[in-house]
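Participant: The file below is work31.pdb, PDB, C-alpha atoms:
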```pdb
ATOM      1  CA  MET A 209       0.000   0.000   0.000
ATOM      2  CA  SER A 210       1.497   3.325  -1.005
ATOM      3  CA  ILE A 211       1.267   6.346   1.285
ATOM      4  CA  ASN A 212       1.543   9.970   0.222
ATOM      5  CA  THR A 213       3.099  12.384   2.666
ATOM      6  CA  LEU A 214       2.057  15.992   2.885
ATOM      7  CA  VAL A 215       4.337  18.352   4.818
ATOM      8  CA  THR A 216       3.066  21.854   5.501
ATOM      9  CA  SER A 217       4.711  24.796   7.275
ATOM     10  CA  ARG A 218       6.549  24.423  10.562
ATOM     11  CA  CYS A 219       5.402  21.450  12.623
ATOM     12  CA  SER A 220       2.830  20.239  10.101
ATOM     13  CA  VAL A 221       2.651  16.695   8.813
ATOM     14  CA  ALA A 222      -0.285  14.744   7.409
ATOM     15  CA  TYR A 223      -0.578  11.232   6.091
ATOM     16  CA  PHE A 224      -3.275  10.118   3.695
ATOM     17  CA  SER A 225      -4.156   6.770   2.255
ATOM     18  CA  GLN A 226      -5.352   6.439  -1.320
ATOM     19  CA  ARG A 227      -8.988   6.723  -0.260
ATOM     20  CA  ARG A 228     -10.400   9.883  -1.794
ATOM     21  CA  GLU A 229     -13.477  10.728   0.275
ATOM     22  CA  PRO A 230     -13.095  11.846   3.905
ATOM     23  CA  HIS A 231     -15.431  10.314   6.460
ATOM     24  CA  ILE A 232     -15.002  12.770   9.301
ATOM     25  CA  VAL A 233     -12.667  15.621  10.238
ATOM     26  CA  LEU A 234     -12.221  16.783  13.811
ATOM     27  CA  GLY A 235      -9.891  19.403  15.159
ATOM     28  CA  ALA A 236      -9.168  22.423  17.266
ATOM     29  CA  GLY A 237      -6.507  25.088  16.897
ATOM     30  CA  ARG A 238      -3.348  23.593  15.422
ATOM     31  CA  PHE A 239      -4.350  19.944  15.516
ATOM     32  CA  SER A 240      -6.854  17.950  13.486
ATOM     33  CA  LEU A 241      -7.780  14.318  13.024
ATOM     34  CA  CYS A 242      -9.178  12.902   9.801
ATOM     35  CA  SER A 243     -10.770   9.527   9.202
ATOM     36  CA  PHE A 244     -11.133   8.152   5.687
ATOM     37  CA  GLY A 245     -13.542   5.238   5.813
ATOM     38  CA  GLY A 246     -11.442   3.358   8.315
ATOM     39  CA  LYS A 247      -8.105   4.866   7.195
ATOM     40  CA  ASN A 248      -6.888   7.700   9.379
ATOM     41  CA  ALA A 249      -4.867  10.853   8.950
ATOM     42  CA  SER A 250      -3.235  13.116  11.528
ATOM     43  CA  LEU A 251      -2.747  16.830  10.991
ATOM     44  CA  ALA A 252      -0.802  19.436  12.913
ATOM     45  CA  GLY A 253      -0.820  23.021  11.790
ATOM     46  CA  PRO A 254      -3.416  24.817   9.705
ATOM     47  CA  CYS A 255      -5.874  22.371   8.161
ATOM     48  CA  GLU A 256      -5.443  23.421   4.559
ATOM     49  CA  VAL A 257      -5.583  20.510   2.153
ATOM     50  CA  SER A 258      -5.959  20.661  -1.594
ATOM     51  CA  GLN A 259      -6.086  17.682  -3.903
ATOM     52  CA  PRO A 260      -7.606  16.813  -7.284
ATOM     53  CA  ARG A 261     -11.101  15.319  -7.595
ATOM     54  CA  SER A 262     -12.644  17.912  -5.296
ATOM     55  CA  LEU A 263     -11.401  16.541  -1.997
ATOM     56  CA  ARG A 264     -12.947  18.756   0.646
ATOM     57  CA  VAL A 265     -11.713  18.888   4.215
ATOM     58  CA  ARG A 266     -13.459  20.945   6.844
ATOM     59  CA  ALA A 267     -11.856  21.344  10.265
ATOM     60  CA  GLY A 268     -13.683  22.861  13.172
ATOM     61  CA  TRP A 269     -15.308  22.340  16.509
ATOM     62  CA  LEU A 270     -18.496  20.347  16.683
ATOM     63  CA  PHE A 271     -19.528  22.161  19.854
ATOM     64  CA  LYS A 272     -22.665  24.077  18.952
ATOM     65  CA  GLY A 273     -24.179  24.151  22.425
ATOM     66  CA  SER A 274     -27.609  23.071  23.472
ATOM     67  CA  SER A 275     -30.857  24.932  23.157
ATOM     68  CA  GLY A 276     -30.899  27.799  25.617
ATOM     69  CA  LYS A 277     -31.681  26.533  29.082
ATOM     70  CA  GLY A 278     -29.136  28.651  30.876
ATOM     71  CA  SER A 279     -25.437  28.129  31.190
ATOM     72  CA  GLU A 280     -25.773  26.151  34.437
ATOM     73  CA  LEU A 281     -27.891  23.470  32.721
ATOM     74  CA  ASP A 282     -26.016  23.352  29.446
ATOM     75  CA  PRO A 283     -23.604  20.396  28.935
ATOM     76  CA  SER A 284     -21.451  22.578  26.680
ATOM     77  CA  CYS A 285     -20.306  24.553  29.751
ATOM     78  CA  GLU A 286     -17.953  21.616  30.467
ATOM     79  CA  HIS A 287     -16.631  21.420  26.924
ATOM     80  CA  SER A 288     -12.865  21.957  26.841
ATOM     81  CA  GLU A 289     -10.839  22.913  23.790
ATOM     82  CA  SER A 290      -7.589  22.353  25.701
ATOM     83  CA  ALA A 291      -8.669  18.790  26.549
ATOM     84  CA  ASN A 292      -9.447  18.104  22.900
ATOM     85  CA  GLU A 293      -6.139  19.596  21.777
ATOM     86  CA  ASP A 294      -4.318  17.474  24.356
ATOM     87  CA  ILE A 295      -5.906  14.338  22.865
ATOM     88  CA  LEU A 296      -5.142  15.366  19.287
ATOM     89  CA  MET A 297      -1.523  16.107  20.186
ATOM     90  CA  PHE A 298      -1.326  12.632  21.726
ATOM     91  CA  PHE A 299      -2.671  11.161  18.451
ATOM     92  CA  PHE A 300      -0.089  13.083  16.443
ATOM     93  CA  GLU A 301       2.747  11.870  18.673
ATOM     94  CA  LEU A 302       1.622   8.241  18.297
ATOM     95  CA  ASP A 303       1.236   8.608  14.543
ATOM     96  CA  LEU A 304       4.722  10.041  14.082
ATOM     97  CA  ALA A 305       6.269   7.218  16.109
ATOM     98  CA  THR A 306       4.428   4.686  13.941
ATOM     99  CA  ARG A 307       5.553   6.401  10.725
ATOM    100  CA  VAL A 308       9.183   6.401  11.844
ATOM    101  CA  GLN A 309       9.051   2.637  12.348
ATOM    102  CA  TYR A 310       7.215   2.165   9.041
ATOM    103  CA  ALA A 311       9.877   4.140   7.145
ATOM    104  CA  LEU A 312      12.653   2.133   8.819
ATOM    105  CA  ASN A 313      10.951  -1.111   7.828
ATOM    106  CA  LEU A 314      10.953   0.085   4.202
ATOM    107  CA  GLU A 315      14.606   1.210   4.572
ATOM    108  CA  GLN A 316      13.598   4.806   3.803
ATOM    109  CA  TYR A 317      16.198   6.181   6.165
ATOM    110  CA  GLU A 318      16.095   9.816   5.041
ATOM    111  CA  ILE A 319      12.331  10.007   5.549
ATOM    112  CA  ALA A 320      12.688   8.204   8.874
ATOM    113  CA  GLN A 321      15.226  10.789  10.064
ATOM    114  CA  GLN A 322      12.960  13.681   9.051
ATOM    115  CA  LEU A 323      10.057  12.127  10.906
ATOM    116  CA  ARG A 324      12.234  11.382  13.933
ATOM    117  CA  ASN A 325      13.322  15.039  14.062
ATOM    118  CA  LYS A 326       9.684  16.097  13.891
ATOM    119  CA  LEU A 327       8.802  13.593  16.609
ATOM    120  CA  THR A 328      11.514  15.041  18.856
ATOM    121  CA  GLU A 329      10.025  18.525  18.431
ATOM    122  CA  VAL A 330       6.536  17.291  19.232
ATOM    123  CA  GLU A 331       7.716  15.294  22.256
ATOM    124  CA  SER A 332       9.446  18.387  23.647
ATOM    125  CA  GLU A 333       6.229  20.386  23.370
ATOM    126  CA  VAL A 334       4.212  17.554  24.892
ATOM    127  CA  ILE A 335       6.589  17.323  27.871
ATOM    128  CA  LYS A 336       6.278  21.062  28.497
ATOM    129  CA  LEU A 337       2.485  20.892  28.397
ATOM    130  CA  ARG A 338       2.357  17.857  30.683
ATOM    131  CA  GLU A 339       4.728  19.400  33.210
ATOM    132  CA  SER A 340       2.629  22.546  33.227
ATOM    133  CA  ARG A 341      -0.633  20.616  33.710
ATOM    134  CA  ARG A 342       0.632  17.929  36.089
ATOM    135  CA  GLY A 343       2.434  19.953  38.709
ATOM    136  CA  SER A 344       6.087  19.481  37.740
ATOM    137  CA  GLY A 345       6.088  23.077  36.563
ATOM    138  CA  SER A 346       4.365  24.121  39.783
ATOM    139  CA  LYS A 347       7.044  22.408  41.867
ATOM    140  CA  SER A 348       9.921  24.246  40.188
ATOM    141  CA  GLU A 349       7.862  27.450  40.205
ATOM    142  CA  ALA A 350       7.354  27.128  43.965
ATOM    143  CA  GLN A 351      11.089  26.620  44.451
ATOM    144  CA  ASP A 352      11.883  29.738  42.383
ATOM    145  CA  MET A 353       9.368  31.746  44.400
ATOM    146  CA  ALA A 354      10.902  30.572  47.672
ATOM    147  CA  ILE A 355      14.309  31.889  46.554
ATOM    148  CA  SER A 356      12.732  35.208  45.519
ATOM    149  CA  ILE A 357      11.027  35.502  48.918
ATOM    150  CA  LEU A 358      14.343  35.004  50.726
ATOM    151  CA  ARG A 359      15.923  37.783  48.657
ATOM    152  CA  LEU A 360      13.001  40.129  49.281
ATOM    153  CA  ARG A 361      13.182  39.467  53.011
ATOM    154  CA  ALA A 362      16.862  40.386  52.987
ATOM    155  CA  ASP A 363      15.986  43.599  51.117
ATOM    156  CA  LEU A 364      13.204  44.256  53.638
ATOM    157  CA  GLN A 365      15.630  43.930  56.550
ATOM    158  CA  ASN A 366      18.026  46.378  54.899
ATOM    159  CA  ALA A 367      15.186  48.844  54.239
ATOM    160  CA  ILE A 368      14.114  48.724  57.908
ATOM    161  CA  GLN A 369      17.667  49.186  59.140
ATOM    162  CA  SER A 370      18.067  52.213  56.882
ATOM    163  CA  GLU A 371      14.648  53.503  58.060
ATOM    164  CA  ASN A 372      13.281  53.506  54.486
ATOM    165  CA  TYR A 373       9.775  52.590  55.625
ATOM    166  CA  SER A 374       7.978  53.298  52.330
ATOM    167  CA  LEU A 375      10.256  50.807  50.554
ATOM    168  CA  ALA A 376       9.791  48.369  53.430
ATOM    169  CA  ALA A 377       5.992  48.571  52.994
ATOM    170  CA  GLU A 378       6.278  47.844  49.268
ATOM    171  CA  LEU A 379       8.552  44.870  49.943
ATOM    172  CA  ARG A 380       6.108  43.491  52.530
ATOM    173  CA  ASP A 381       3.295  43.599  49.937
ATOM    174  CA  LYS A 382       5.460  41.809  47.368
ATOM    175  CA  ILE A 383       6.414  39.137  49.900
ATOM    176  CA  SER A 384       2.769  38.542  50.872
ATOM    177  CA  LYS A 385       1.704  38.114  47.239
ATOM    178  CA  LEU A 386       4.609  35.801  46.452
ATOM    179  CA  GLU A 387       3.926  33.678  49.541
ATOM    180  CA  ALA A 388       0.304  33.205  48.451
ATOM    181  CA  LYS A 389       1.364  32.182  44.937
ATOM    182  CA  SER A 390       4.076  29.895  46.285
ATOM    183  CA  LEU A 391       1.594  28.152  48.585
ATOM    184  CA  SER A 392      -0.835  27.625  45.699
ATOM    185  CA  ALA A 393       1.907  26.183  43.468
ATOM    186  CA  SER A 394       3.131  23.898  46.266
ATOM    187  CA  VAL A 395      -0.393  22.587  46.930
ATOM    188  CA  LYS A 396      -0.910  21.866  43.236
ATOM    189  CA  ALA A 397       2.422  20.055  42.932
ATOM    190  CA  GLN A 398       1.689  17.999  46.050
ATOM    191  CA  ALA A 399      -1.797  17.152  44.734
ATOM    192  CA  TYR A 400      -0.283  15.677  41.576
ATOM    193  CA  GLU A 401       2.177  13.577  43.554
ATOM    194  CA  ASN A 402      -0.521  12.194  45.896
ATOM    195  CA  ALA A 403      -3.447  12.000  43.482
ATOM    196  CA  GLN A 404      -6.312   9.643  44.360
ATOM    197  CA  TYR A 405      -8.914   8.962  41.651
ATOM    198  CA  ALA A 406     -12.376   7.456  42.037
ATOM    199  CA  PHE A 407     -12.455   6.442  38.350
ATOM    200  CA  ARG A 408      -9.935   4.821  36.018
ATOM    201  CA  LEU A 409      -8.956   5.147  32.367
ATOM    202  CA  GLY A 410     -11.435   3.460  30.042
ATOM    203  CA  GLN A 411     -14.182   3.240  32.652
ATOM    204  CA  LYS A 412     -17.709   3.993  31.491
ATOM    205  CA  VAL A 413     -19.438   6.646  33.581
ATOM    206  CA  LYS A 414     -22.637   8.666  33.612
ATOM    207  CA  HIS A 415     -23.002  12.403  34.191
ATOM    208  CA  LYS A 416     -25.008  13.104  37.352
ATOM    209  CA  ILE A 417     -26.625  16.281  36.014
ATOM    210  CA  PHE A 418     -26.818  15.895  32.243
ATOM    211  CA  GLY A 419     -27.252  12.124  32.188
ATOM    212  CA  TYR A 420     -25.057  11.332  29.175
ATOM    213  CA  ARG A 421     -22.815   8.255  28.924
ATOM    214  CA  ALA A 422     -19.067   8.838  28.702
ATOM    215  CA  VAL A 423     -15.689   7.113  28.919
ATOM    216  CA  ILE A 424     -12.712   8.339  30.970
ATOM    217  CA  CYS A 425      -9.728   9.115  28.714
ATOM    218  CA  GLY A 426      -7.673  11.471  30.905
ATOM    219  CA  MET A 427      -7.423  12.794  34.443
ATOM    220  CA  ASP A 428      -6.001  15.628  36.541
ATOM    221  CA  PRO A 429      -5.957  15.686  40.379
ATOM    222  CA  VAL A 430      -7.213  19.293  40.343
ATOM    223  CA  CYS A 431      -8.847  21.541  37.765
ATOM    224  CA  CYS A 432      -6.175  22.621  35.269
ATOM    225  CA  GLU A 433      -8.324  24.836  33.064
ATOM    226  CA  SER A 434      -8.060  28.599  32.590
ATOM    227  CA  LYS A 435      -9.826  31.060  34.859
ATOM    228  CA  SER A 436     -12.292  31.968  32.117
ATOM    229  CA  TRP A 437     -13.242  28.288  31.700
ATOM    230  CA  ILE A 438     -13.551  27.864  35.480
ATOM    231  CA  ASP A 439     -15.858  30.881  35.662
ATOM    232  CA  GLY A 440     -17.956  29.696  32.699
ATOM    233  CA  ALA A 441     -18.352  26.198  34.170
ATOM    234  CA  ASN A 442     -19.229  27.561  37.644
ATOM    235  CA  VAL A 443     -16.488  25.442  39.192
ATOM    236  CA  GLU A 444     -16.406  27.564  42.357
ATOM    237  CA  LYS A 445     -20.048  26.609  43.015
ATOM    238  CA  LEU A 446     -19.222  22.901  43.099
ATOM    239  CA  THR A 447     -19.367  21.200  46.493
ATOM    240  CA  ARG A 448     -15.674  20.272  46.273
ATOM    241  CA  GLY A 449     -14.650  23.254  44.159
ATOM    242  CA  PRO A 450     -11.650  23.144  41.793
ATOM    243  CA  ASP A 451      -9.444  21.125  44.189
ATOM    244  CA  GLN A 452     -10.837  17.725  43.209
ATOM    245  CA  PRO A 453      -9.974  15.363  40.335
ATOM    246  CA  PHE A 454     -11.191  16.458  36.899
ATOM    247  CA  TYR A 455     -11.571  13.996  34.033
ATOM    248  CA  GLN A 456     -11.302  14.223  30.272
ATOM    249  CA  VAL A 457     -14.241  12.192  28.988
ATOM    250  CA  LEU A 458     -15.394  11.084  25.557
ATOM    251  CA  VAL A 459     -19.132  11.665  25.285
ATOM    252  CA  ASP A 460     -21.283   9.082  23.490
ATOM    253  CA  MET A 461     -22.226  10.737  20.211
ATOM    254  CA  GLN A 462     -25.557   8.900  20.164
ATOM    255  CA  GLU A 463     -26.606  10.903  23.212
ATOM    256  CA  ASP A 464     -24.927  14.256  22.501
ATOM    257  CA  PRO A 465     -23.385  14.565  19.006
ATOM    258  CA  ASN A 466     -22.224  18.139  19.689
ATOM    259  CA  LEU A 467     -20.233  17.715  22.904
ATOM    260  CA  LEU A 468     -17.532  15.212  21.837
ATOM    261  CA  VAL A 469     -14.999  15.894  24.668
ATOM    262  CA  ALA A 470     -15.790  17.281  28.122
ATOM    263  CA  TYR A 471     -13.773  18.146  31.221
ATOM    264  CA  VAL A 472     -15.834  17.001  34.198
ATOM    265  CA  PRO A 473     -15.326  17.248  37.982
ATOM    266  CA  GLU A 474     -15.306  13.984  39.887
ATOM    267  CA  GLU A 475     -18.407  14.886  41.900
ATOM    268  CA  ASN A 476     -20.457  15.097  38.692
ATOM    269  CA  LEU A 477     -19.685  11.533  37.572
ATOM    270  CA  VAL A 478     -21.132   8.212  38.717
ATOM    271  CA  VAL A 479     -20.693   4.584  37.713
ATOM    272  CA  PRO A 480     -23.783   3.228  35.878
ATOM    273  CA  ASP A 481     -26.224   1.268  38.064
ATOM    274  CA  ARG A 482     -25.967  -1.720  35.745
ATOM    275  CA  GLN A 483     -23.085  -3.158  33.754
ATOM    276  CA  ASP A 484     -22.956  -1.171  30.517
ATOM    277  CA  THR A 485     -21.979  -3.390  27.589
ATOM    278  CA  GLY A 486     -23.969  -1.407  25.042
ATOM    279  CA  ARG A 487     -22.615   0.261  21.933
ATOM    280  CA  PHE A 488     -20.561   3.415  22.442
ATOM    281  CA  ASP A 489     -19.940   5.701  19.469
ATOM    282  CA  HIS A 490     -17.019   8.110  19.385
ATOM    283  CA  PRO A 491     -14.405   8.781  16.668
ATOM    284  CA  TYR A 492     -11.534   8.840  19.200
ATOM    285  CA  ALA A 493     -12.326   5.519  20.894
ATOM    286  CA  SER A 494     -10.471   3.302  18.405
ATOM    287  CA  PHE A 495      -7.295   5.396  18.833
ATOM    288  CA  LEU A 496      -7.255   5.411  22.629
ATOM    289  CA  PHE A 497      -8.523   1.926  23.464
ATOM    290  CA  TYR A 498      -7.984  -1.657  22.334
ATOM    291  CA  GLY A 499     -11.679  -2.447  22.735
ATOM    292  CA  MET A 500     -14.118  -3.348  25.504
ATOM    293  CA  ASP A 501     -13.625  -5.886  28.267
ATOM    294  CA  ALA A 502     -16.250  -8.323  29.548
ATOM    295  CA  ALA A 503     -17.620  -5.688  31.938
ATOM    296  CA  GLY A 504     -18.221  -3.229  29.096
ATOM    297  CA  ASP A 505     -15.403  -0.833  30.034
ATOM    298  CA  PHE A 506     -12.717   0.133  27.533
ATOM    299  CA  ILE A 507      -9.142  -1.160  27.665
ATOM    300  CA  PRO A 508      -6.706   1.792  27.331
ATOM    301  CA  ILE A 509      -3.695   1.407  25.071
ATOM    302  CA  LYS A 510      -0.312   1.126  26.778
ATOM    303  CA  GLN A 511       0.781   4.643  25.742
ATOM    304  CA  LEU A 512      -2.336   6.183  27.324
ATOM    305  CA  ARG A 513      -1.684   4.363  30.625
ATOM    306  CA  GLU A 514       1.923   5.556  30.555
ATOM    307  CA  LYS A 515       0.817   9.120  29.867
ATOM    308  CA  TYR A 516      -1.196   9.193  33.095
ATOM    309  CA  ASN A 517       1.005   6.731  35.015
ATOM    310  CA  GLN A 518      -1.939   4.413  35.591
ATOM    311  CA  PRO A 519      -1.695   0.647  36.188
ATOM    312  CA  ARG A 520      -3.325  -1.940  33.976
ATOM    313  CA  HIS A 521      -6.799  -2.833  35.219
ATOM    314  CA  GLU A 522      -7.447  -6.538  35.574
ATOM    315  CA  LEU A 523     -10.959  -7.932  35.761
ATOM    316  CA  PRO A 524     -11.638 -10.140  38.809
ATOM    317  CA  TYR A 525     -11.275 -13.807  37.925
ATOM    318  CA  ASP A 526     -14.562 -15.729  38.038
ATOM    319  CA  PRO A 527     -14.114 -19.534  37.841
ATOM    320  CA  SER A 528     -17.751 -19.919  36.753
ATOM    321  CA  ASP A 529     -16.937 -18.181  33.461
ATOM    322  CA  GLU A 530     -14.392 -20.879  32.660
ATOM    323  CA  GLN A 531     -16.827 -23.639  33.607
ATOM    324  CA  ASP A 532     -19.461 -22.139  31.324
ATOM    325  CA  GLY A 533     -16.975 -22.120  28.442
ATOM    326  CA  LYS A 534     -16.643 -18.336  28.404
ATOM    327  CA  ASP A 535     -13.481 -16.257  28.282
ATOM    328  CA  ALA A 536     -12.439 -15.234  31.772
TER     329      ALA A 536
END
```
Could you render the structure from this file as structure tokens?

Facilitator:
Amino acid sequence: MSINTLVTSRCSVAYFSQRREPHIVLGAGRFSLCSFGGKNASLAGPCEVSQPRSLRVRAGWLFKGSSGKGSELDPSCEHSESANEDILMFFFELDLATRVQYALNLEQYEIAQQLRNKLTEVESEVIKLRESRRGSGSKSEAQDMAISILRLRADLQNAIQSENYSLAAELRDKISKLEAKSLSASVKAQAYENAQYAFRLGQKVKHKIFGYRAVICGMDPVCCESKSWIDGANVEKLTRGPDQPFYQVLVDMQEDPNLLVAYVPEENLVVPDRQDTGRFDHPYASFLFYGMDAAGDFIPIKQLREKYNQPRHELPYDPSDEQDGKDA
């Protein structure tokens, strides 16, 4: 099977099979995902594709919002572009790694080197984003702030000794603000190191308020969204506030075709009352999971478990399954 490679500006690579008609295109910002009747393409950079035979590619958010019932009752208030971009960047990283190996297998060493260089760039960006979201950045930030506070305290002592009280007052204000920021950064870093989650990757859940079915595909020990998102989602009004685990979830498109990916606080999710082995439709599911287990939950791919440092979930062994001739 031949594969055409399209390289656009900067960090932009796309791979297309020979299939001409696109099935679905999803994307946000710099990253897009295309599916061609079972064959898939990854895009990073502006989604501008031109090809003979009137191939049309449209990239954009599917979040249109629900009919106006107020922001507090609208599922789209938990929609997260950053969560979707995080997933698409993960897809792109996986795709590049696969293409490097594919080129090596075909002994196309020059192409493999180009792809490996691109993969290195992407991995560097991914590491920066993960450190920022997962507390590693907060830990180093807290350490830097602690050093700055020590220096300011020394300056404060000198200002008092020289009876420069106006300068001393300014330094006190700076120290107070830095101490508050340092405490916040330290708490966030500690939360990431000691995170406890009620749900696991691949687990099917139900939204307490909106009632839709979803699958866990990512997790943070605290809310890592922007202030504007936090305000729009009324996070401060939650019982546990922003300092609780938040989950990236894939929303079943049969129940809400416009939501796609949501960022949901732990208190708003529950496990279904009954074992859910029903069909679950989502264009990302086949990329993130191997399939469903006997309980109806999804089995996350190894790279996804490594991304969130989560162990492999094993179903409890039931001897009766073996006696009945079923797979355990």

Participant: Leaving out segment 473-475 of chain A and any residue of its chain fewer than 5 positions from it, which residues lie within 12 Å of it when counting only C-alpha atoms, given as a ChimeraX atom specification?

Facilitator: /A:286-287,404-408,413-417,424,426-433,438,441-457

Participant: Using the chain letters and numbers from the file, which residues does the PyMOL selection byres ((chain A and resi 505-513) around 10) grab, as a ChimeraX atom specification?

Facilitator: /A:295,298,302,408-413,423-426,483-486,488,493-504,514-522

Participant: Would you mind telling me which residue in A:Glu301, A:Pro491, A:Asn372, A:Ser288 lies nearest to Ser332 of chain A when using all atoms listed in the file?

Facilitator: A:Glu301

Participant: Run the PyMOL selection byres ((chain A and resi 317-325) around 10) mentally over the shown coordinates, then write out the matched residues as a list of chain:residue names, using the chain letters and numbers from the document.

Facilitator: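 Output of the PyMOL selection byres ((chain A and resi 317-325) around 10): A:Thr213, A:Val221, A:Leu304, A:Ala305, A:Thr306, A:Arg307, A:Val308, A:Gln309, A:Tyr310, A:Ala311, A:Leu312, A:Asn313, A:Leu314, A:Glu315, A:Gln316, A:Lys326, A:Leu327, A:Thr328, A:Glu329, A:Val330, A:Glu331.
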
Participant: Could you take the residues named above and write them with C-alpha atoms, as a PDB file, in the coordinates of the input?

Facilitator:
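Output saved as result.pdb:
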```pdb
ATOM      1  CA  THR A 213       3.099  12.384   2.666  1.00  0.00           C
ATOM      2  CA  VAL A 221       2.651  16.695   8.813  1.00  0.00           C
ATOM      3  CA  LEU A 304       4.722  10.041  14.082  1.00  0.00           C
ATOM      4  CA  ALA A 305       6.269   7.218  16.109  1.00  0.00           C
ATOM      5  CA  THR A 306       4.428   4.686  13.941  1.00  0.00           C
ATOM      6  CA  ARG A 307       5.553   6.401  10.725  1.00  0.00           C
ATOM      7  CA  VAL A 308       9.183   6.401  11.844  1.00  0.00           C
ATOM      8  CA  GLN A 309       9.051   2.637  12.348  1.00  0.00           C
ATOM      9  CA  TYR A 310       7.215   2.165   9.041  1.00  0.00           C
ATOM     10  CA  ALA A 311       9.877   4.140   7.145  1.00  0.00           C
ATOM     11  CA  LEU A 312      12.653   2.133   8.819  1.00  0.00           C
ATOM     12  CA  ASN A 313      10.951  -1.111   7.828  1.00  0.00           C
ATOM     13  CA  LEU A 314      10.953   0.085   4.202  1.00  0.00           C
ATOM     14  CA  GLU A 315      14.606   1.210   4.572  1.00  0.00           C
ATOM     15  CA  GLN A 316      13.598   4.806   3.803  1.00  0.00           C
ATOM     16  CA  LYS A 326       9.684  16.097  13.891  1.00  0.00           C
ATOM     17  CA  LEU A 327       8.802  13.593  16.609  1.00  0.00           C
ATOM     18  CA  THR A 328      11.514  15.041  18.856  1.00  0.00           C
ATOM     19  CA  GLU A 329      10.025  18.525  18.431  1.00  0.00           C
ATOM     20  CA  VAL A 330       6.536  17.291  19.232  1.00  0.00           C
ATOM     21  CA  GLU A 331       7.716  15.294  22.256  1.00  0.00           C
TER      22      GLU A 331
END
```

Participant: Just give me the gap between atom CA of Val472 of chain A and atom CA of Glu293 of chain A in Å, one decimal is fine.

Facilitator: 16.0 Å

Participant: Have a look at atom CA of Gly440 of chain A and atom CA of Pro283 of chain A and let me know their distance in Å, one decimal.

Facilitator: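 Atom CA of Gly440 of chain A sits 11.5 Å away from atom CA of Pro283 of chain A.
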
Participant: Could you give me, as a PyMOL selection string, the residues within 10 Å of segment 373-386 of chain A, counting all atoms listed in the file and dropping anything in the same chain fewer than 4 positions from it?

Facilitator: chain A and resi 350+353-354+356-369+390-392

Participant: State, in Å with one decimal place, the distance from atom CA of Tyr471 of chain A to atom CA of Lys336 of chain A.

Facilitator: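 So the answer is 20.4 Å.
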
Participant: For Leu458 of chain A, list every protein, DNA or RNA residue within 6 Å, evaluated using all atoms listed in the file, and leave out those in the same chain fewer than 4 positions away; present the list as a list of chain:residue names.

Facilitator: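 With the cut-off at 6 Å, the set is A:Ala422, A:Val423, A:Leu468, A:Val469.
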